[in-house]
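The next block holds one structure in the form of structure tokens; read it before the comments.
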Amino acid sequence: MTTHQENDVTPRIPAAQQSHATPPSHTAPPAPAAPGLSRRGLLLGTAAALAAGPLAATAAHAATAAPAARTVTAATARTPKVLVIGLDGTMLTRVKDSGAPNLAALMAGGLTAASSLYANPMAGTSSGPGWSTIATGVWPDKHNVRDNDFTAPAFAAYPDFLTRVETANPALATYVVASWAPIADTIYSGRVDTRVATPSAEYDTGTTARAVARLRDGNPDAVFVQLDNVDHAGHSSGSASQAYLDAIRGVDAQVGQILTAVRGRAGYAQEDWLVMITADHGHTPTGGHGGSTWEERQTFLIANGSAFPAGSVRHDVRMVDIAPTALAHLGIAADPAWGLDGAPVPALVPDDFDALRPQLTGRVDETGIAAGVLGFTRTAPAGWSVDNSAMGTGGVTEWRGWSFTTDEFWTKAQRDQNRELNVRSRNVFAVADSDEWADRTFQGNYDSTLVSPEYPVAGRSSVPVAFNTFYRPEGVQTARVLAVWDGGTPVEVKSYTADTNGRQRLDLAVPAGASRLRLRFRYTGSNNWYWVLDNVRVG
């Protein structure tokens with residue numbers, strides 16, 4: 001394949017030397033929305049328009065939306081196409097505050113999912129790690145981009161999703177245009193058909209114009225666009241400022257121009273567009289990012305397309321899901337050998353712990369967490385139980401034995417103790433945290449067991465068990481997985497002694513004649529660290 005790059009207009013500044021915070025002083029202001037902007041598509045118009053989604057040309061067109069498939073035979077089937085727009089440094093809460101009409105219409109017509117990032121030592125909340133995570137579908141401990149220096153990225157092992165598109169089907173047309181040069185120059189590979197690092201003098205105005213031209217006049221199948229000015233406003237004025245809201249409204253108008261170009265395509269009625277809007281990180285109220293505060297760790301996904309119901313909200317979406325969602329829409333199945341951390345969003349299945357979200361309550365002893373943050377319960381979901389018969393007394397109420405919590409609540413309990421690295425858990429997860437428990441007077445040791453439901457295994461010679469775990473050890477702390485067959489004596493099948501952060505898979509041999517399996521996850525310690533479990537699947 002011949003690769004065409006349009007990034008030779010101006011010399012490129014090495015990534016490590018780019019501040020990514022200040023555009024040139026002569027940068028033009030964000031361009032206004034194109035004349036004739038469809039109120040049906042981009043403004044909060046009639047309820048029917050919102051239900052159909054902002055990319056729907058007519059209500060009938062929305063009604064014929066079909067699941068994505070690259071090979072189609074039905075006369076009414078449409079060609080799947082993907083547009084991902086990255087809004088650098090943009091926070092979902094402030095998008096909502098801004099009243100941005102185009103983004104509001106996308107949310108009303110599809111999915112809105114707030115999400116959160118890692119922090120150091122996995123990676124800083126910077127653009128290099130953020131855009132690399134979104135592009136590759138894996139977390140920084142795999143793609144190895146820790147900051148904006150790109151010292152030793154593992155893009156050969158974990159390439160961007162457009163490179164995977166080209167590998168799977170070179171006939172598909174791929175396009176990248178970005179205001180921040182390292183996205184086009186470094187993160188997306190030379191296998192992408194066209195990579196454009198917008199000349200700095202043009203900034204987001206040029207990026208928008210180039211994206212509009214390609215979408216209007218060309219025939220791309222998968223497009224990534226990055227706009228930068230919200231991040232600039234965050235650095236200069238802070239996310240709590242009016243300037244930040246103004247920048248969001250400015251970039252919203254540019255998103256509107258890009259969507260107008262999509263809807264104005266000659267073949268639009270025969271195309272099935274998936275549009276995803278996201279961000280690489282958040283900002284502090286006073287300005288800046290890179291640290292571990294909740295504001296800096298903020299990101300989101302707004303998804304609009306045939307697979308996403310209008311007005312839907314999810315709590316289990318992570319940024320690593322964007323790449324596999326795009327691939328799935330184009331009919332490209334992820335190979336397990338790729339080692340992706342993400343999954344197509346429509347394929348995500350809630351686990352038993354997620355059902356607890358409506359039961360989550362606010363703080364009791366954790367006074368450092370704002371009273372309005374609802375994020376923990378010690379009541380297990382249906383079929384599960386917690387055995388605290390050997391548990392010590394006293395300590396912090398929230399963590400007295402296995403608890404069920406969220407990333408926001410748990411990381412706000414105490415920052416910068418690696419809790420931010422629990423990136424592979426989704427929505428509500430289970431945690432045994434002897435460190436936080438010991439922050440108030442206690443007696444005895446931390447000794448708590450999470451007990452699963454019984455699973456039928458009759459007639460099977462083996463049964464697969466899988467779960468996500470994040471384990472941080474210290475001292476005499478222990479973490480053991482035990483199997484109980486037909487109510488008998490627990491048998492250890494796995495124990496942890498070293499840091500572990502990932503999906504675990506066990507293949508358990510079923511004893512002759514056994515018909516039922518129950519799992520026990522026992523954690524012991526005394527003012528040590530913690531063990532996290534999520535997405536437990538058996539069979």
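Numbering starts fresh at 1 for the residues of each chain in the structure tokens, the chains themselves are lettered A, B, ... in the order given, and ligands are numbered from 1 as they appear.
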Next item on the list: For Arg249 (chain A), work out the shell of residues within 10 Å, counting only C-alpha atoms and skipping chain neighbours fewer than 6 positions away, then give it as a list in words.
Entry: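 The residues satisfying every condition are Pro30, Pro32, Val95, Ser98, Gly99, Ala100, Pro101, Asn102, Leu103, Val230, Ala243 and Val255 of chain A.
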Selection from above, N, CA, C and O atoms, as a PDB file, in the first residue's frame, can you write it?
```pdb
ATOM      1  N   PRO A  30     -11.985  29.364  16.762  1.00  0.00           N
ATOM      2  CA  PRO A  30     -12.751  28.267  16.186  1.00  0.00           C
ATOM      3  C   PRO A  30     -13.755  28.775  15.164  1.00  0.00           C
ATOM      4  O   PRO A  30     -14.454  29.768  15.397  1.00  0.00           O
ATOM      5  N   PRO A  32     -17.096  29.120  12.936  1.00  0.00           N
ATOM      6  CA  PRO A  32     -18.508  28.900  13.231  1.00  0.00           C
ATOM      7  C   PRO A  32     -19.039  27.719  12.448  1.00  0.00           C
ATOM      8  O   PRO A  32     -18.433  27.272  11.472  1.00  0.00           O
ATOM      9  N   VAL A  95     -18.887  19.786  29.342  1.00  0.00           N
ATOM     10  CA  VAL A  95     -19.655  19.738  28.094  1.00  0.00           C
ATOM     11  C   VAL A  95     -21.126  19.960  28.402  1.00  0.00           C
ATOM     12  O   VAL A  95     -21.822  20.748  27.737  1.00  0.00           O
ATOM     13  N   SER A  98     -21.834  23.519  29.329  1.00  0.00           N
ATOM     14  CA  SER A  98     -21.642  24.497  28.254  1.00  0.00           C
ATOM     15  C   SER A  98     -22.872  24.686  27.388  1.00  0.00           C
ATOM     16  O   SER A  98     -23.014  25.707  26.709  1.00  0.00           O
ATOM     17  N   GLY A  99     -23.768  23.707  27.373  1.00  0.00           N
ATOM     18  CA  GLY A  99     -24.918  23.781  26.481  1.00  0.00           C
ATOM     19  C   GLY A  99     -24.568  23.609  25.020  1.00  0.00           C
ATOM     20  O   GLY A  99     -25.322  24.032  24.138  1.00  0.00           O
ATOM     21  N   ALA A 100     -23.414  22.966  24.738  1.00  0.00           N
ATOM     22  CA  ALA A 100     -22.981  22.753  23.358  1.00  0.00           C
ATOM     23  C   ALA A 100     -24.040  21.957  22.593  1.00  0.00           C
ATOM     24  O   ALA A 100     -24.289  20.796  22.924  1.00  0.00           O
ATOM     25  N   PRO A 101     -24.681  22.529  21.570  1.00  0.00           N
ATOM     26  CA  PRO A 101     -25.844  21.879  20.953  1.00  0.00           C
ATOM     27  C   PRO A 101     -25.527  20.610  20.178  1.00  0.00           C
ATOM     28  O   PRO A 101     -26.303  19.651  20.217  1.00  0.00           O
ATOM     29  N   ASN A 102     -24.408  20.573  19.479  1.00  0.00           N
ATOM     30  CA  ASN A 102     -24.100  19.397  18.664  1.00  0.00           C
ATOM     31  C   ASN A 102     -23.748  18.197  19.533  1.00  0.00           C
ATOM     32  O   ASN A 102     -24.202  17.075  19.278  1.00  0.00           O
ATOM     33  N   LEU A 103     -22.956  18.411  20.558  1.00  0.00           N
ATOM     34  CA  LEU A 103     -22.619  17.326  21.466  1.00  0.00           C
ATOM     35  C   LEU A 103     -23.839  16.900  22.269  1.00  0.00           C
ATOM     36  O   LEU A 103     -24.037  15.710  22.535  1.00  0.00           O
ATOM     37  N   VAL A 230      -9.669  23.019  23.378  1.00  0.00           N
ATOM     38  CA  VAL A 230     -10.194  22.931  24.742  1.00  0.00           C
ATOM     39  C   VAL A 230      -9.062  22.694  25.732  1.00  0.00           C
ATOM     40  O   VAL A 230      -9.038  23.256  26.829  1.00  0.00           O
ATOM     41  N   ALA A 243     -13.633  30.708  29.946  1.00  0.00           N
ATOM     42  CA  ALA A 243     -12.856  30.472  28.723  1.00  0.00           C
ATOM     43  C   ALA A 243     -12.908  29.006  28.317  1.00  0.00           C
ATOM     44  O   ALA A 243     -12.945  28.685  27.119  1.00  0.00           O
ATOM     45  N   VAL A 255     -17.306  20.367  15.499  1.00  0.00           N
ATOM     46  CA  VAL A 255     -17.916  19.037  15.406  1.00  0.00           C
ATOM     47  C   VAL A 255     -19.152  19.104  14.513  1.00  0.00           C
ATOM     48  O   VAL A 255     -19.394  18.218  13.683  1.00  0.00           O
TER      49      VAL A 255
END
```
Checklist line | DSSP strand (DSSP E or B) residues within region 139-221 of chain A, listed as a list in words | finding: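 Residues meeting the strand (DSSP E or B) criterion: Thr174, Tyr175, Val176, Val177, Ala178, Thr194, Arg195, Val196 and Ala197 of chain A.
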Checklist line | Selected residue, from A:Gln477, A:Asn120, A:Gln257, A:Ser448, that lies nearest to Asp141 (chain A) when counting only C-alpha atoms | finding: A:Asn120
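One finds CA of Trp294 (chain A) at 23.2 Å from CA of Ala104 (chain A).
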Note to self: When you look at Val431 (chain A) with a cut-off of 7 Å (counting only C-alpha atoms), what residues show up, excluding the ones that are within fewer than 6 positions of it in the same chain? I need them as JSON, numbers by chain.
What the structure shows: {"A": [402, 403, 404, 531, 532, 533]}
Would you mind exporting the chosen residues as an mmCIF file, in the first residue's frame, restricted to C-alpha atoms?
```cif
data_model
loop_
_atom_site.group_PDB
_atom_site.id
_atom_site.type_symbol
_atom_site.label_atom_id
_atom_site.label_comp_id
_atom_site.auth_asym_id
_atom_site.auth_seq_id
_atom_site.Cartn_x
_atom_site.Cartn_y
_atom_site.Cartn_z
ATOM 1 C CA TRP A 402 -15.023 -7.387 51.308
ATOM 2 C CA SER A 403 -16.879 -4.321 50.021
ATOM 3 C CA PHE A 404 -18.353 -3.349 46.682
ATOM 4 C CA TRP A 531 -7.104 -7.218 46.480
ATOM 5 C CA VAL A 532 -9.676 -6.304 43.804
ATOM 6 C CA LEU A 533 -11.963 -8.712 41.949
#
```
Check: From the set A:Asp97, A:Asp499, A:Asp341, A:Asp221, which residue has the shortest atom-to-atom contact distance to His329 (chain A), counting only C-alpha atoms?
Finding: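 Among A:Asp97, A:Asp499, A:Asp341, A:Asp221, it is A:Asp221 that comes nearest to His329 (chain A).
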Step one, run DSSP on the backbone; step two, keep only residues of region 99-171 of chain A assigned to helix (DSSP H, G or I); then write them as a CSV table (one decimal) with all heavy atoms, in the first residue's frame.
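Below is the file that was written, states-v1.csv:
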```
chain,number,residue,atom,x,y,z
A,101,PRO,N,-24.7,22.5,21.6
A,101,PRO,CA,-25.8,21.9,21.0
A,101,PRO,C,-25.5,20.6,20.2
A,101,PRO,O,-26.3,19.7,20.2
A,101,PRO,CB,-26.4,23.0,20.0
A,101,PRO,CG,-25.3,23.9,19.8
A,101,PRO,CD,-24.4,23.9,21.0
A,102,ASN,N,-24.4,20.6,19.5
A,102,ASN,CA,-24.1,19.4,18.7
A,102,ASN,C,-23.7,18.2,19.5
A,102,ASN,O,-24.2,17.1,19.3
A,102,ASN,CB,-23.0,19.7,17.7
A,102,ASN,CG,-23.3,20.9,16.8
A,102,ASN,OD1,-24.3,20.8,16.1
A,102,ASN,ND2,-22.5,21.9,16.8
A,103,LEU,N,-23.0,18.4,20.6
A,103,LEU,CA,-22.6,17.3,21.5
A,103,LEU,C,-23.8,16.9,22.3
A,103,LEU,O,-24.0,15.7,22.5
A,103,LEU,CB,-21.5,17.8,22.4
A,103,LEU,CG,-20.1,18.0,21.7
A,103,LEU,CD1,-19.1,18.6,22.7
A,103,LEU,CD2,-19.6,16.7,21.0
A,104,ALA,N,-24.7,17.9,22.6
A,104,ALA,CA,-25.9,17.5,23.4
A,104,ALA,C,-26.8,16.6,22.5
A,104,ALA,O,-27.4,15.7,23.0
A,104,ALA,CB,-26.7,18.8,23.8
A,105,ALA,N,-26.9,16.9,21.2
A,105,ALA,CA,-27.7,16.1,20.3
A,105,ALA,C,-27.2,14.7,20.1
A,105,ALA,O,-27.9,13.8,20.1
A,105,ALA,CB,-27.9,16.8,18.9
A,106,LEU,N,-25.8,14.6,20.1
A,106,LEU,CA,-25.2,13.3,20.0
A,106,LEU,C,-25.5,12.5,21.2
A,106,LEU,O,-25.8,11.3,21.1
A,106,LEU,CB,-23.7,13.5,19.8
A,106,LEU,CG,-23.2,13.9,18.4
A,106,LEU,CD1,-21.7,14.2,18.4
A,106,LEU,CD2,-23.5,12.8,17.4
A,107,MET,N,-25.5,13.1,22.4
A,107,MET,CA,-25.8,12.4,23.6
A,107,MET,C,-27.3,12.0,23.7
A,107,MET,O,-27.6,10.9,24.0
A,107,MET,CB,-25.5,13.3,24.8
A,107,MET,CG,-24.0,13.4,25.1
A,107,MET,SD,-23.6,14.3,26.7
A,107,MET,CE,-23.8,16.0,26.1
A,108,ALA,N,-28.1,12.9,23.2
A,108,ALA,CA,-29.6,12.6,23.2
A,108,ALA,C,-29.9,11.5,22.3
A,108,ALA,O,-30.8,10.7,22.5
A,108,ALA,CB,-30.4,13.8,22.9
A,127,SER,N,-1.4,13.6,27.2
A,127,SER,CA,-1.9,13.3,25.8
A,127,SER,C,-1.3,12.0,25.2
A,127,SER,O,-2.0,11.3,24.6
A,127,SER,CB,-1.8,14.5,24.9
A,127,SER,OG,-2.7,15.5,25.3
A,128,GLY,N,0.0,11.9,25.4
A,128,GLY,CA,0.7,10.7,24.8
A,128,GLY,C,0.0,9.4,25.2
A,128,GLY,O,-0.4,8.6,24.4
A,129,PRO,N,0.0,9.2,26.5
A,129,PRO,CA,-0.7,7.9,27.0
A,129,PRO,C,-2.2,7.9,26.7
A,129,PRO,O,-2.7,6.8,26.3
A,129,PRO,CB,-0.5,8.0,28.5
A,129,PRO,CG,0.7,8.9,28.7
A,129,PRO,CD,0.6,9.9,27.6
A,130,GLY,N,-2.9,9.0,26.8
A,130,GLY,CA,-4.3,9.0,26.5
A,130,GLY,C,-4.7,8.7,25.1
A,130,GLY,O,-5.5,7.8,24.9
A,131,TRP,N,-4.1,9.4,24.1
A,131,TRP,CA,-4.4,9.0,22.8
A,131,TRP,C,-3.9,7.7,22.3
A,131,TRP,O,-4.5,7.0,21.5
A,131,TRP,CB,-3.9,10.1,21.8
A,131,TRP,CG,-4.5,11.5,22.0
A,131,TRP,CD1,-3.9,12.7,22.3
A,131,TRP,CD2,-5.9,11.7,22.0
A,131,TRP,NE1,-4.9,13.7,22.4
A,131,TRP,CE2,-6.1,13.1,22.2
A,131,TRP,CE3,-7.1,10.9,21.8
A,131,TRP,CZ2,-7.4,13.7,22.2
A,131,TRP,CZ3,-8.3,11.5,21.8
A,131,TRP,CH2,-8.5,12.9,22.0
A,132,SER,N,-2.8,7.2,22.9
A,132,SER,CA,-2.3,5.9,22.6
A,132,SER,C,-3.2,4.8,23.1
A,132,SER,O,-3.5,3.8,22.5
A,132,SER,CB,-0.9,5.7,23.2
A,132,SER,OG,0.1,6.6,22.7
A,133,THR,N,-3.8,5.0,24.3
A,133,THR,CA,-4.7,4.1,24.9
A,133,THR,C,-6.0,4.0,24.0
A,133,THR,O,-6.5,2.9,23.7
A,133,THR,CB,-5.1,4.5,26.3
A,133,THR,OG1,-3.9,4.4,27.1
A,133,THR,CG2,-6.2,3.6,26.9
A,134,ILE,N,-6.5,5.2,23.6
A,134,ILE,CA,-7.7,5.2,22.7
A,134,ILE,C,-7.4,4.5,21.4
A,134,ILE,O,-8.2,3.8,20.9
A,134,ILE,CB,-8.2,6.6,22.6
A,134,ILE,CG1,-8.7,7.2,23.9
A,134,ILE,CG2,-9.2,6.8,21.4
A,134,ILE,CD1,-8.9,8.7,23.9
A,135,ALA,N,-6.3,4.8,20.8
A,135,ALA,CA,-5.9,4.3,19.5
A,135,ALA,C,-5.7,2.8,19.5
A,135,ALA,O,-6.1,2.1,18.5
A,135,ALA,CB,-4.7,5.0,18.9
A,136,THR,N,-5.1,2.2,20.5
A,136,THR,CA,-4.6,0.8,20.5
A,136,THR,C,-5.6,-0.1,21.2
A,136,THR,O,-5.6,-1.3,20.9
A,136,THR,CB,-3.3,0.7,21.2
A,136,THR,OG1,-3.4,1.1,22.6
A,136,THR,CG2,-2.2,1.5,20.5
A,140,PRO,N,-1.7,1.6,29.3
A,140,PRO,CA,-0.3,2.0,29.1
A,140,PRO,C,0.7,0.9,29.6
A,140,PRO,O,1.9,0.9,29.1
A,140,PRO,CB,-0.1,3.2,30.0
A,140,PRO,CG,-1.5,3.8,29.9
A,140,PRO,CD,-2.4,2.7,29.9
A,141,ASP,N,0.3,0.0,30.5
A,141,ASP,CA,1.3,-1.1,30.9
A,141,ASP,C,1.5,-2.1,29.7
A,141,ASP,O,2.4,-2.9,29.8
A,141,ASP,CB,0.8,-1.8,32.1
A,141,ASP,CG,-0.6,-2.4,32.0
A,141,ASP,OD1,-1.3,-2.2,31.0
A,141,ASP,OD2,-1.0,-3.0,33.0
A,142,LYS,N,0.7,-1.9,28.6
A,142,LYS,CA,1.0,-2.7,27.4
A,142,LYS,C,1.6,-1.9,26.3
A,142,LYS,O,2.6,-2.2,25.7
A,142,LYS,CB,-0.3,-3.4,26.9
A,142,LYS,CG,-0.8,-4.5,27.8
A,142,LYS,CD,-2.0,-5.2,27.2
A,142,LYS,CE,-2.4,-6.4,28.1
A,142,LYS,NZ,-3.6,-7.1,27.5
A,143,HIS,N,1.0,-0.7,26.0
A,143,HIS,CA,1.5,0.0,24.8
A,143,HIS,C,2.8,0.8,25.2
A,143,HIS,O,3.5,1.3,24.4
A,143,HIS,CB,0.4,0.9,24.2
A,143,HIS,CG,-0.1,2.0,25.1
A,143,HIS,ND1,0.6,3.0,25.6
A,143,HIS,CD2,-1.4,2.2,25.5
A,143,HIS,CE1,-0.2,3.8,26.3
A,143,HIS,NE2,-1.4,3.4,26.2
A,161,PHE,N,-5.8,1.2,15.9
A,161,PHE,CA,-7.0,0.5,15.2
A,161,PHE,C,-7.0,0.7,13.7
A,161,PHE,O,-7.5,-0.1,13.0
A,161,PHE,CB,-8.3,0.9,15.9
A,161,PHE,CG,-8.9,2.2,15.5
A,161,PHE,CD1,-9.9,2.3,14.6
A,161,PHE,CD2,-8.5,3.3,16.2
A,161,PHE,CE1,-10.4,3.5,14.2
A,161,PHE,CE2,-9.1,4.6,15.9
A,161,PHE,CZ,-10.0,4.6,14.9
A,162,LEU,N,-6.6,1.9,13.2
A,162,LEU,CA,-6.6,2.1,11.8
A,162,LEU,C,-5.6,1.2,11.1
A,162,LEU,O,-5.8,0.7,10.0
A,162,LEU,CB,-6.3,3.5,11.4
A,162,LEU,CG,-7.4,4.5,11.9
A,162,LEU,CD1,-7.1,5.9,11.4
A,162,LEU,CD2,-8.8,4.1,11.3
A,163,THR,N,-4.4,0.9,11.7
A,163,THR,CA,-3.5,0.0,11.2
A,163,THR,C,-4.1,-1.4,11.2
A,163,THR,O,-3.8,-2.2,10.2
A,163,THR,CB,-2.2,0.0,12.0
A,163,THR,OG1,-1.6,1.3,11.9
A,163,THR,CG2,-1.2,-1.1,11.6
A,164,ARG,N,-4.8,-1.8,12.2
A,164,ARG,CA,-5.5,-3.1,12.2
A,164,ARG,C,-6.5,-3.1,11.1
A,164,ARG,O,-6.7,-4.2,10.5
A,164,ARG,CB,-6.1,-3.3,13.6
A,164,ARG,CG,-5.1,-3.5,14.7
A,164,ARG,CD,-5.7,-4.2,15.9
A,164,ARG,NE,-4.8,-4.3,17.0
A,164,ARG,CZ,-3.9,-5.2,17.2
A,164,ARG,NH1,-3.6,-6.2,16.2
A,164,ARG,NH2,-3.1,-5.2,18.3
A,165,VAL,N,-7.2,-2.0,10.8
A,165,VAL,CA,-8.1,-2.0,9.7
A,165,VAL,C,-7.4,-2.3,8.4
A,165,VAL,O,-7.8,-3.1,7.5
A,165,VAL,CB,-8.9,-0.6,9.6
A,165,VAL,CG1,-9.6,-0.5,8.3
A,165,VAL,CG2,-9.8,-0.5,10.8
A,166,GLU,N,-6.3,-1.6,8.2
A,166,GLU,CA,-5.5,-1.8,6.9
A,166,GLU,C,-5.0,-3.2,6.8
A,166,GLU,O,-4.9,-3.8,5.7
A,166,GLU,CB,-4.3,-0.8,6.9
A,166,GLU,CG,-4.8,0.6,6.7
A,166,GLU,CD,-5.4,0.9,5.3
A,166,GLU,OE1,-5.2,0.0,4.4
A,166,GLU,OE2,-6.0,2.0,5.2
A,167,THR,N,-4.6,-3.8,7.9
A,167,THR,CA,-4.1,-5.2,7.9
A,167,THR,C,-5.2,-6.2,7.6
A,167,THR,O,-5.0,-7.1,6.8
A,167,THR,CB,-3.5,-5.6,9.3
A,167,THR,OG1,-2.4,-4.7,9.6
A,167,THR,CG2,-3.0,-7.0,9.3
A,168,ALA,N,-6.4,-5.9,8.1
A,168,ALA,CA,-7.5,-6.8,7.9
A,168,ALA,C,-8.1,-6.7,6.5
A,168,ALA,O,-8.5,-7.6,5.8
A,168,ALA,CB,-8.6,-6.6,8.9
```
Note to self: For region 459-471 of chain A, find every residue with an atom within 6 Å (counting only C-alpha atoms), except residues of its own chain fewer than 4 positions away, and show them as a PyMOL selection string.
What the structure shows: chain A and resi 499-510+531-539
Checklist line | Residue nearest Leu340 (chain A) among A:Arg400, A:Arg424, A:Arg78, A:Arg263 (counting only C-alpha atoms) | finding: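 Among A:Arg400, A:Arg424, A:Arg78, A:Arg263, it is A:Arg424 that comes nearest to Leu340 (chain A).
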Contacts of region 179-192 of chain A at 7 Å or less, counting only C-alpha atoms, minus same-chain residues fewer than 3 places along, as a PDB file with C-alpha atoms, in the first residue's frame?
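This is the output file result_20.pdb:
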```
ATOM      1  CA  THR A   3       1.062   5.751   2.186  1.00  0.00           C
ATOM      2  CA  ALA A  15       7.163  15.400  20.741  1.00  0.00           C
ATOM      3  CA  SER A 132      -2.268   5.879  22.615  1.00  0.00           C
ATOM      4  CA  ASP A 160      -3.510   1.602  16.390  1.00  0.00           C
ATOM      5  CA  LEU A 162      -6.586   2.075  11.765  1.00  0.00           C
ATOM      6  CA  THR A 163      -3.461  -0.010  11.201  1.00  0.00           C
ATOM      7  CA  GLU A 166      -5.509  -1.806   6.934  1.00  0.00           C
ATOM      8  CA  THR A 174      -8.263   5.235   6.465  1.00  0.00           C
ATOM      9  CA  TYR A 175      -7.544   8.835   7.421  1.00  0.00           C
ATOM     10  CA  VAL A 176      -6.055  10.697  10.417  1.00  0.00           C
ATOM     11  CA  ARG A 195      -1.938  10.944   8.064  1.00  0.00           C
ATOM     12  CA  VAL A 196      -2.172  14.711   8.427  1.00  0.00           C
ATOM     13  CA  ALA A 197      -0.411  16.666  11.141  1.00  0.00           C
ATOM     14  CA  THR A 198      -2.084  20.026  10.668  1.00  0.00           C
ATOM     15  CA  TYR A 203      -4.500  24.736  14.330  1.00  0.00           C
ATOM     16  CA  ASP A 204      -8.078  23.410  14.851  1.00  0.00           C
ATOM     17  CA  THR A 207      -7.897  20.336  11.143  1.00  0.00           C
ATOM     18  CA  GLN A 226      -8.255  15.393  16.976  1.00  0.00           C
ATOM     19  CA  LEU A 227      -9.109  18.965  17.997  1.00  0.00           C
ATOM     20  CA  ASP A 228      -6.912  20.715  20.545  1.00  0.00           C
TER      21      ASP A 228
END
```
Item checked: Gap from CA of Gly395 (chain A) to CA of Thr377 (chain A) - Å, one decimal -> 15.7 Å
Item checked: Separation of CA of Gly311 (chain A) from CA of Arg216 (chain A) in Å ->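 Going from CA of Arg216 (chain A) over to CA of Gly311 (chain A), I get 27.7 Å.
For the set A:Ala178, A:Asn169, A:Asn229, A:Tyr268, the residue with the smallest atom-to-atom gap to Arg210 (chain A) is A:Ala178, counting only C-alpha atoms.
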Next item on the list: Tell me which protein, DNA and RNA residues are within 12 Å of Tyr118 (chain A), counting only C-alpha atoms, leaving out same-chain ones fewer than 4 positions away, and put them as JSON, numbers by chain.
Entry: {"A": [122, 123, 124, 125, 126, 129, 130, 133, 139, 140, 141, 146, 280, 281, 282, 290, 291, 292, 293, 294, 295, 296, 297, 298, 299, 318, 319, 320, 407, 408, 411, 415, 416, 417, 418, 419, 420, 421, 422, 423, 424, 425]}
